[in-house]
file protein12.csv (CSV, C-alpha atoms)
chain,number,residue,atom,x,y,z
A,1,MET,CA,166.3,-74.1,-96.9
A,2,LYS,CA,164.9,-71.7,-94.3
A,3,LYS,CA,162.0,-69.4,-95.1
A,4,ILE,CA,162.3,-65.6,-94.7
A,5,VAL,CA,159.2,-63.6,-95.1
A,6,VAL,CA,159.7,-59.9,-95.7
A,7,LEU,CA,156.9,-57.3,-95.0
A,8,THR,CA,157.6,-54.0,-96.7
A,9,GLY,CA,155.9,-50.6,-96.8
A,10,ALA,CA,156.4,-47.1,-98.2
A,11,GLY,CA,159.7,-46.5,-96.4
A,12,ILE,CA,161.7,-48.9,-98.7
A,13,SER,CA,160.4,-47.3,-101.9
A,14,ALA,CA,160.8,-43.7,-100.6
A,15,GLU,CA,164.6,-44.1,-100.9
A,16,SER,CA,164.2,-44.8,-104.6
A,17,GLY,CA,162.4,-41.5,-105.0
A,18,ILE,CA,158.8,-42.7,-104.8
A,19,ASN,CA,156.7,-40.1,-103.0
A,20,THR,CA,154.5,-41.6,-100.3
A,21,PHE,CA,150.9,-41.0,-101.2
A,22,ARG,CA,149.9,-39.7,-97.8
A,23,ASP,CA,151.1,-36.2,-96.9
A,24,ALA,CA,151.7,-35.1,-93.3
A,25,ASN,CA,148.2,-33.4,-93.2
A,26,GLY,CA,146.5,-36.7,-94.2
A,27,LEU,CA,145.9,-35.7,-97.8
A,28,TRP,CA,147.1,-37.8,-100.8
A,29,GLU,CA,149.0,-35.5,-103.0
A,30,GLY,CA,146.6,-32.7,-102.1
A,31,HIS,CA,143.5,-34.8,-102.4
A,32,ASP,CA,141.1,-36.3,-99.9
A,33,ILE,CA,141.8,-40.0,-99.7
A,34,MET,CA,138.3,-41.0,-100.4
A,35,ASP,CA,138.3,-38.9,-103.6
A,36,VAL,CA,141.2,-40.8,-105.2
A,37,ALA,CA,141.3,-44.2,-103.4
A,38,SER,CA,137.7,-45.4,-103.1
A,39,PRO,CA,135.1,-46.9,-105.5
A,40,ASP,CA,132.8,-44.0,-104.7
A,41,GLY,CA,135.5,-41.5,-105.6
A,42,PHE,CA,136.0,-43.3,-108.9
A,43,ARG,CA,132.3,-43.2,-109.7
A,44,ARG,CA,132.0,-39.5,-108.8
A,45,ASN,CA,135.1,-38.4,-110.8
A,46,PRO,CA,136.8,-41.1,-112.8
A,47,ALA,CA,139.0,-38.6,-114.7
A,48,LEU,CA,140.5,-37.2,-111.4
A,49,VAL,CA,141.3,-40.7,-110.2
A,50,LEU,CA,142.8,-41.8,-113.5
A,51,ASP,CA,145.0,-38.7,-113.6
A,52,PHE,CA,146.1,-39.3,-110.0
A,53,TYR,CA,147.4,-42.8,-110.8
A,54,ASN,CA,148.7,-41.8,-114.2
A,55,LYS,CA,151.0,-39.4,-112.4
A,56,ARG,CA,152.1,-42.0,-109.9
A,57,ARG,CA,152.8,-44.5,-112.8
A,58,LYS,CA,155.0,-42.0,-114.7
A,59,GLN,CA,157.0,-41.3,-111.5
A,60,LEU,CA,157.5,-45.0,-110.9
A,61,LEU,CA,158.8,-45.6,-114.4
A,62,GLY,CA,161.5,-43.0,-113.8
A,63,VAL,CA,163.1,-44.6,-110.6
A,64,GLU,CA,165.1,-47.6,-109.9
A,65,PRO,CA,165.4,-50.2,-107.1
A,66,ASN,CA,167.7,-49.2,-104.3
A,67,LEU,CA,170.3,-51.1,-102.2
A,68,ALA,CA,167.6,-52.5,-99.8
A,69,HIS,CA,165.6,-54.0,-102.7
A,70,ARG,CA,168.7,-55.6,-104.2
A,71,ALA,CA,169.9,-56.9,-100.9
A,72,LEU,CA,166.6,-58.7,-100.3
A,73,ALA,CA,166.8,-60.2,-103.8
A,74,GLY,CA,170.3,-61.4,-103.0
A,75,LEU,CA,169.0,-63.4,-100.0
A,76,GLN,CA,167.3,-65.8,-102.4
A,77,ASP,CA,170.7,-67.5,-102.9
A,78,LEU,CA,170.6,-68.7,-99.3
A,79,PHE,CA,167.0,-68.7,-98.3
A,80,GLU,CA,163.5,-69.2,-99.6
A,81,VAL,CA,162.3,-65.6,-99.6
A,82,SER,CA,158.7,-64.3,-99.9
A,83,VAL,CA,158.1,-60.5,-100.1
A,84,ILE,CA,154.8,-59.2,-98.9
A,85,THR,CA,154.5,-55.6,-99.8
A,86,GLN,CA,152.0,-52.9,-99.2
A,87,ASN,CA,153.6,-50.9,-102.0
A,88,VAL,CA,152.0,-50.8,-105.5
A,89,ASP,CA,155.4,-50.4,-107.3
A,90,ASP,CA,157.4,-53.1,-109.0
A,91,LEU,CA,160.8,-52.3,-107.5
A,92,HIS,CA,161.1,-55.6,-105.7
A,93,GLU,CA,160.6,-57.5,-109.0
A,94,ARG,CA,163.0,-55.2,-110.9
A,95,ALA,CA,165.6,-55.9,-108.2
A,96,GLY,CA,165.2,-59.6,-108.8
A,97,SER,CA,162.8,-60.8,-106.1
A,98,ARG,CA,160.9,-63.8,-107.5
A,99,HIS,CA,158.1,-64.3,-105.1
A,100,VAL,CA,156.2,-61.0,-104.3
A,101,ILE,CA,152.7,-60.7,-102.9
A,102,HIS,CA,151.2,-57.3,-103.5
A,103,LEU,CA,148.5,-56.6,-100.9
A,104,HIS,CA,147.3,-53.3,-102.3
A,105,GLY,CA,147.6,-54.0,-106.0
A,106,GLU,CA,150.0,-53.1,-108.7
A,107,LEU,CA,150.4,-49.7,-110.4
A,108,LEU,CA,151.7,-51.1,-113.6
A,109,LYS,CA,148.5,-53.1,-114.2
A,110,ALA,CA,145.0,-52.1,-115.2
A,111,ARG,CA,141.8,-54.1,-114.7
A,112,SER,CA,138.3,-54.2,-116.0
A,113,THR,CA,135.5,-52.5,-114.1
A,114,PHE,CA,133.2,-55.3,-115.4
A,115,ASP,CA,135.3,-58.3,-114.3
A,116,GLU,CA,138.0,-57.8,-111.7
A,117,ASP,CA,139.8,-61.0,-112.9
A,118,LEU,CA,140.5,-59.3,-116.2
A,119,VAL,CA,143.9,-57.7,-115.4
A,120,TYR,CA,146.3,-56.3,-118.0
A,121,ASP,CA,150.0,-55.2,-117.9
A,122,TRP,CA,149.8,-51.4,-118.3
A,123,LYS,CA,152.7,-48.9,-118.4
A,124,LYS,CA,151.0,-46.0,-120.2
A,125,ASP,CA,148.2,-43.7,-119.0
A,126,ILE,CA,144.7,-45.1,-118.4
A,127,ASN,CA,142.2,-42.7,-120.1
A,128,ILE,CA,138.5,-42.4,-120.2
A,129,GLY,CA,137.5,-44.7,-123.1
A,130,ASP,CA,140.2,-47.3,-122.5
A,131,PHE,CA,138.0,-50.4,-122.4
A,132,CYS,CA,138.4,-54.1,-121.6
A,133,GLU,CA,137.4,-56.7,-124.2
A,134,HIS,CA,133.8,-56.5,-122.8
A,135,HIS,CA,133.7,-52.8,-123.6
A,136,HIS,CA,133.9,-51.6,-120.0
A,137,GLN,CA,136.2,-48.9,-118.6
A,138,LEU,CA,139.6,-49.9,-117.3
A,139,ARG,CA,140.7,-48.8,-113.8
A,140,PRO,CA,144.0,-49.0,-111.9
A,141,HIS,CA,144.6,-52.4,-110.4
A,142,ILE,CA,144.8,-51.0,-106.9
A,143,VAL,CA,143.0,-52.1,-103.8
A,144,TRP,CA,141.0,-49.0,-102.7
A,145,PHE,CA,139.5,-48.3,-99.3
A,146,GLY,CA,136.4,-50.3,-98.8
A,147,GLU,CA,137.5,-53.1,-101.1
A,148,THR,CA,138.7,-56.6,-100.0
A,149,VAL,CA,142.4,-57.5,-100.0
A,150,PRO,CA,142.4,-60.6,-102.2
A,151,GLN,CA,146.0,-61.6,-101.4
A,152,ILE,CA,145.7,-61.4,-97.6
A,153,GLU,CA,145.1,-65.1,-97.2
A,154,TYR,CA,148.2,-66.0,-99.2
A,155,ALA,CA,150.2,-63.5,-97.2
A,156,ALA,CA,148.9,-65.0,-93.9
A,157,GLN,CA,149.9,-68.5,-95.0
A,158,ALA,CA,153.4,-67.4,-96.0
A,159,VAL,CA,153.9,-65.7,-92.6
A,160,SER,CA,152.6,-68.8,-90.7
A,161,GLU,CA,155.4,-70.8,-92.4
A,162,ALA,CA,158.2,-68.3,-91.8
A,163,ASP,CA,161.4,-69.2,-90.0
A,164,ILE,CA,162.5,-65.5,-90.0
A,165,ILE,CA,160.5,-62.3,-90.5
A,166,MET,CA,161.8,-58.9,-91.6
A,167,ILE,CA,159.5,-55.8,-91.4
A,168,ILE,CA,160.9,-52.8,-93.4
A,169,GLY,CA,159.7,-49.3,-93.9
A,170,THR,CA,156.2,-49.6,-92.5
A,171,SER,CA,154.6,-48.6,-89.2
A,172,MET,CA,152.5,-51.7,-89.3
A,173,GLN,CA,149.5,-49.6,-88.3
A,174,VAL,CA,147.3,-50.2,-91.4
A,175,TYR,CA,145.1,-53.3,-91.3
A,176,PRO,CA,144.8,-56.0,-92.5
A,177,ALA,CA,148.5,-55.8,-93.2
A,178,ALA,CA,149.3,-54.9,-89.6
A,179,GLY,CA,147.8,-58.1,-88.3
A,180,LEU,CA,150.0,-60.4,-90.5
A,181,VAL,CA,152.8,-60.7,-88.0
A,182,ASN,CA,150.4,-62.3,-85.6
A,183,TYR,CA,150.3,-65.4,-87.9
A,184,ALA,CA,154.0,-66.0,-87.3
A,185,PRO,CA,155.0,-69.0,-85.0
A,186,GLU,CA,155.6,-67.7,-81.5
A,187,ASN,CA,159.4,-68.1,-81.5
A,188,THR,CA,160.0,-66.7,-85.0
A,189,PRO,CA,162.8,-64.0,-84.9
A,190,VAL,CA,161.5,-60.7,-86.2
A,191,TYR,CA,163.7,-57.9,-87.5
A,192,PHE,CA,162.0,-54.5,-87.6
A,193,ILE,CA,163.7,-51.9,-89.7
A,194,ASP,CA,162.3,-48.4,-89.7
A,195,PRO,CA,163.7,-45.0,-88.5
A,196,LYS,CA,160.6,-44.5,-86.3
A,197,PRO,CA,159.5,-48.1,-85.5
A,198,GLY,CA,156.9,-47.0,-82.8
A,199,ILE,CA,157.3,-50.2,-80.8
A,200,SER,CA,159.6,-51.6,-78.2
A,201,GLU,CA,161.6,-54.8,-78.3
A,202,ASN,CA,159.6,-56.2,-75.4
A,203,SER,CA,156.4,-56.0,-77.4
A,204,ARG,CA,157.0,-59.5,-78.6
A,205,PRO,CA,159.6,-62.3,-78.1
A,206,HIS,CA,162.6,-62.4,-80.4
A,207,LEU,CA,162.1,-58.9,-81.8
A,208,THR,CA,165.1,-57.0,-82.9
A,209,ILE,CA,164.5,-53.3,-83.8
A,210,ILE,CA,166.9,-51.6,-86.2
A,211,PRO,CA,165.9,-47.9,-86.1
A,212,GLU,CA,167.4,-47.0,-89.5
A,213,LYS,CA,166.3,-46.3,-93.1
A,214,ALA,CA,166.0,-49.3,-95.3
A,215,THR,CA,169.2,-48.9,-97.3
A,216,THR,CA,171.3,-49.1,-94.2
A,217,GLY,CA,169.1,-51.2,-91.9
A,218,VAL,CA,168.4,-54.1,-94.3
A,219,PRO,CA,172.1,-54.9,-94.9
A,220,ARG,CA,172.6,-54.7,-91.1
A,221,ALA,CA,169.7,-57.1,-90.5
A,222,ILE,CA,171.0,-59.5,-93.1
A,223,ALA,CA,174.4,-59.5,-91.5
A,224,MET,CA,172.8,-60.4,-88.2
A,225,ILE,CA,170.8,-63.2,-89.8
A,226,LEU,CA,173.9,-64.7,-91.5
A,227,ASP,CA,175.9,-64.5,-88.3
A,228,ASN,CA,173.2,-66.4,-86.5
A,229,ARG,CA,173.1,-68.9,-89.3
A,230,ARG,CA,176.9,-69.5,-89.1
A,231,GLN,CA,176.8,-70.0,-85.3
A,232,ARG,CA,174.3,-72.8,-85.5

call {"tool": "encode", "arguments": {"input": "protein12.csv", "output": "structure tokens"}}
result
Amino acid sequence: MKKIVVLTGAGISAESGINTFRDANGLWEGHDIMDVASPDGFRRNPALVLDFYNKRRKQLLGVEPNLAHRALAGLQDLFEVSVITQNVDDLHERAGSRHVIHLHGELLKARSTFDEDLVYDWKKDINIGDFCEHHHQLRPHIVWFGETVPQIEYAAQAVSEADIIMIIGTSMQVYPAAGLVNYAPENTPVYFIDPKPGISENSRPHLTIIPEKATTGVPRAIAMILDNRRQR
């Protein structure tokens, strides 16, 4: 069974109604990024940071996976599919995707500030005074600026074994995620789905650009992949 590796970003979740964190002016929901997405910001004002993510969590619980999420899950009947996402939502899992690597953490989890390996499923607010079993404050299970990306090696390994790559709803400008495609074998077909891809098809071999939103571009890319499969 051939392996498809899918790299997804904010664009796929936006069509489910998830607001992208970063506004056009560079602020995150009106906040400086370093105030709400850095260890220093959390130390300075933990209540502000917890409130920021509590609001994001409530929003997530009110939306559903869209056609693009479901179409990717459906591919598992024909291919071995790994999803590598920069998103912190659980929409891929809710759509049925079984192998999802979250590069930037998961909004529906909390973790200990004492031991980062103490991670809890968490769908309610995280408040000041919510402690782990070692009596230390809980924080969102999110990879903040300045922190390591613990899943990046697993993601790179998955890409290195890919027969086909799909990139959906991301500019691929944020590192280390942006460098993942470089781990792909040289002749691996890449399907890039984004309304504003920002690259040209001659930027790498076997690159197909589909300048559409995820809900229309993903089914189109899947149709192309299945056509190629039938012709071989």

call {"tool": "closest_residue", "arguments": {"input": "protein12.csv", "among": "A:Arg111, A:His135, A:Lys2, A:His104", "to": "A:Val81", "atoms": "only C-alpha atoms"}}
result
A:Lys2

call {"tool": "residues_around", "arguments": {"input": "protein12.csv", "residues": "A:Glu93", "least_positions_apart": "6", "cutoff": "12 Å", "atoms": "all atoms listed in the file", "output": "PyMOL selection string"}}
result
chain A and resi 64-66+69-70+72-73+82-85+87+99-102+106+108

call {"tool": "closest_residue", "arguments": {"input": "protein12.csv", "among": "A:Arg98, A:Lys196, A:Lys213, A:Arg139", "to": "A:Pro46", "atoms": "all atoms listed in the file"}}
result
A:Arg139

call {"tool": "closest_residue", "arguments": {"input": "protein12.csv", "among": "A:Asp40, A:Glu116, A:Asp89, A:Asp35", "to": "A:Ala10", "atoms": "all atoms listed in the file"}}
result
A:Asp89

call {"tool": "atom_distance", "arguments": {"input": "protein12.csv", "atom1": "atom CA of A:Gln86", "atom2": "atom CA of A:Leu48"}}
result
23.0 Å

call {"tool": "residues_around", "arguments": {"input": "protein12.csv", "residues": "stretch 189-193 of chain A", "least_positions_apart": "4", "cutoff": "9 Å", "atoms": "all atoms listed in the file", "output": "MDAnalysis selection string"}}
result
chainID A and resid 163:170 181 197 204:214 217:218 221

call {"tool": "write_last_selection", "arguments": {"input": "protein12.csv", "atoms": "C-alpha atoms", "output": "PDB file, in the frame of the given file"}}
result
ATOM      1  CA  ASP A 163     161.400 -69.200 -90.000  1.00  0.00           C
ATOM      2  CA  ILE A 164     162.500 -65.500 -90.000  1.00  0.00           C
ATOM      3  CA  ILE A 165     160.500 -62.300 -90.500  1.00  0.00           C
ATOM      4  CA  MET A 166     161.800 -58.900 -91.600  1.00  0.00           C
ATOM      5  CA  ILE A 167     159.500 -55.800 -91.400  1.00  0.00           C
ATOM      6  CA  ILE A 168     160.900 -52.800 -93.400  1.00  0.00           C
ATOM      7  CA  GLY A 169     159.700 -49.300 -93.900  1.00  0.00           C
ATOM      8  CA  THR A 170     156.200 -49.600 -92.500  1.00  0.00           C
ATOM      9  CA  VAL A 181     152.800 -60.700 -88.000  1.00  0.00           C
ATOM     10  CA  PRO A 197     159.500 -48.100 -85.500  1.00  0.00           C
ATOM     11  CA  ARG A 204     157.000 -59.500 -78.600  1.00  0.00           C
ATOM     12  CA  PRO A 205     159.600 -62.300 -78.100  1.00  0.00           C
ATOM     13  CA  HIS A 206     162.600 -62.400 -80.400  1.00  0.00           C
ATOM     14  CA  LEU A 207     162.100 -58.900 -81.800  1.00  0.00           C
ATOM     15  CA  THR A 208     165.100 -57.000 -82.900  1.00  0.00           C
ATOM     16  CA  ILE A 209     164.500 -53.300 -83.800  1.00  0.00           C
ATOM     17  CA  ILE A 210     166.900 -51.600 -86.200  1.00  0.00           C
ATOM     18  CA  PRO A 211     165.900 -47.900 -86.100  1.00  0.00           C
ATOM     19  CA  GLU A 212     167.400 -47.000 -89.500  1.00  0.00           C
ATOM     20  CA  LYS A 213     166.300 -46.300 -93.100  1.00  0.00           C
ATOM     21  CA  ALA A 214     166.000 -49.300 -95.300  1.00  0.00           C
ATOM     22  CA  GLY A 217     169.100 -51.200 -91.900  1.00  0.00           C
ATOM     23  CA  VAL A 218     168.400 -54.100 -94.300  1.00  0.00           C
ATOM     24  CA  ALA A 221     169.700 -57.100 -90.500  1.00  0.00           C
TER      25      ALA A 221
END

call {"tool": "atom_distance", "arguments": {"input": "protein12.csv", "atom1": "atom CA of A:Gly9", "atom2": "atom CA of A:Ala178"}}
result
10.7 Å

call {"tool": "atom_distance", "arguments": {"input": "protein12.csv", "atom1": "atom CA of A:Gly74", "atom2": "atom CA of A:His92"}}
result
11.2 Å

call {"tool": "closest_residue", "arguments": {"input": "protein12.csv", "among": "A:Ala156, A:Leu75, A:Ile199, A:Ala184", "to": "A:Ser171", "atoms": "all atoms listed in the file"}}
result
A:Ile199

call {"tool": "closest_residue", "arguments": {"input": "protein12.csv", "among": "A:Ala162, A:Leu7, A:Met172, A:Met224", "to": "A:Glu186", "atoms": "only C-alpha atoms"}}
result
A:Ala162

call {"tool": "residues_around", "arguments": {"input": "protein12.csv", "residues": "A:Trp144", "least_positions_apart": "2", "cutoff": "12 Å", "atoms": "only C-alpha atoms", "output": "PDB file with C-alpha atoms, in the frame of the given file"}}
result
ATOM      1  CA  ILE A  33     141.800 -40.000 -99.700  1.00  0.00           C
ATOM      2  CA  MET A  34     138.300 -41.000-100.400  1.00  0.00           C
ATOM      3  CA  ASP A  35     138.300 -38.900-103.600  1.00  0.00           C
ATOM      4  CA  VAL A  36     141.200 -40.800-105.200  1.00  0.00           C
ATOM      5  CA  ALA A  37     141.300 -44.200-103.400  1.00  0.00           C
ATOM      6  CA  SER A  38     137.700 -45.400-103.100  1.00  0.00           C
ATOM      7  CA  PRO A  39     135.100 -46.900-105.500  1.00  0.00           C
ATOM      8  CA  ASP A  40     132.800 -44.000-104.700  1.00  0.00           C
ATOM      9  CA  GLY A  41     135.500 -41.500-105.600  1.00  0.00           C
ATOM     10  CA  PHE A  42     136.000 -43.300-108.900  1.00  0.00           C
ATOM     11  CA  VAL A  49     141.300 -40.700-110.200  1.00  0.00           C
ATOM     12  CA  VAL A  88     152.000 -50.800-105.500  1.00  0.00           C
ATOM     13  CA  LEU A 103     148.500 -56.600-100.900  1.00  0.00           C
ATOM     14  CA  HIS A 104     147.300 -53.300-102.300  1.00  0.00           C
ATOM     15  CA  GLY A 105     147.600 -54.000-106.000  1.00  0.00           C
ATOM     16  CA  GLU A 106     150.000 -53.100-108.700  1.00  0.00           C
ATOM     17  CA  ARG A 139     140.700 -48.800-113.800  1.00  0.00           C
ATOM     18  CA  PRO A 140     144.000 -49.000-111.900  1.00  0.00           C
ATOM     19  CA  HIS A 141     144.600 -52.400-110.400  1.00  0.00           C
ATOM     20  CA  ILE A 142     144.800 -51.000-106.900  1.00  0.00           C
ATOM     21  CA  GLY A 146     136.400 -50.300 -98.800  1.00  0.00           C
ATOM     22  CA  GLU A 147     137.500 -53.100-101.100  1.00  0.00           C
ATOM     23  CA  THR A 148     138.700 -56.600-100.000  1.00  0.00           C
ATOM     24  CA  VAL A 149     142.400 -57.500-100.000  1.00  0.00           C
ATOM     25  CA  PRO A 150     142.400 -60.600-102.200  1.00  0.00           C
TER      26      PRO A 150
END

call {"tool": "residues_around", "arguments": {"input": "protein12.csv", "residues": "A:Leu118", "least_positions_apart": "3", "cutoff": "10 Å", "atoms": "only C-alpha atoms", "output": "list in words"}}
result
Ala110, Arg111, Ser112, Thr113, Phe114, Asp115, Cys132, Glu133, His134, Leu138 and His141 of chain A

call {"tool": "closest_residue", "arguments": {"input": "protein12.csv", "among": "A:Ser160, A:Gln151, A:Gln59, A:Asn45", "to": "A:Thr20", "atoms": "only C-alpha atoms"}}
result
A:Gln59

call {"tool": "residues_around", "arguments": {"input": "protein12.csv", "residues": "A:Leu60", "least_positions_apart": "4", "cutoff": "10 Å", "atoms": "all atoms listed in the file", "output": "JSON, numbers by chain"}}
result
{"A": [13, 16, 17, 18, 19, 54, 55, 56, 64, 88, 89, 90, 91, 107, 108, 123]}
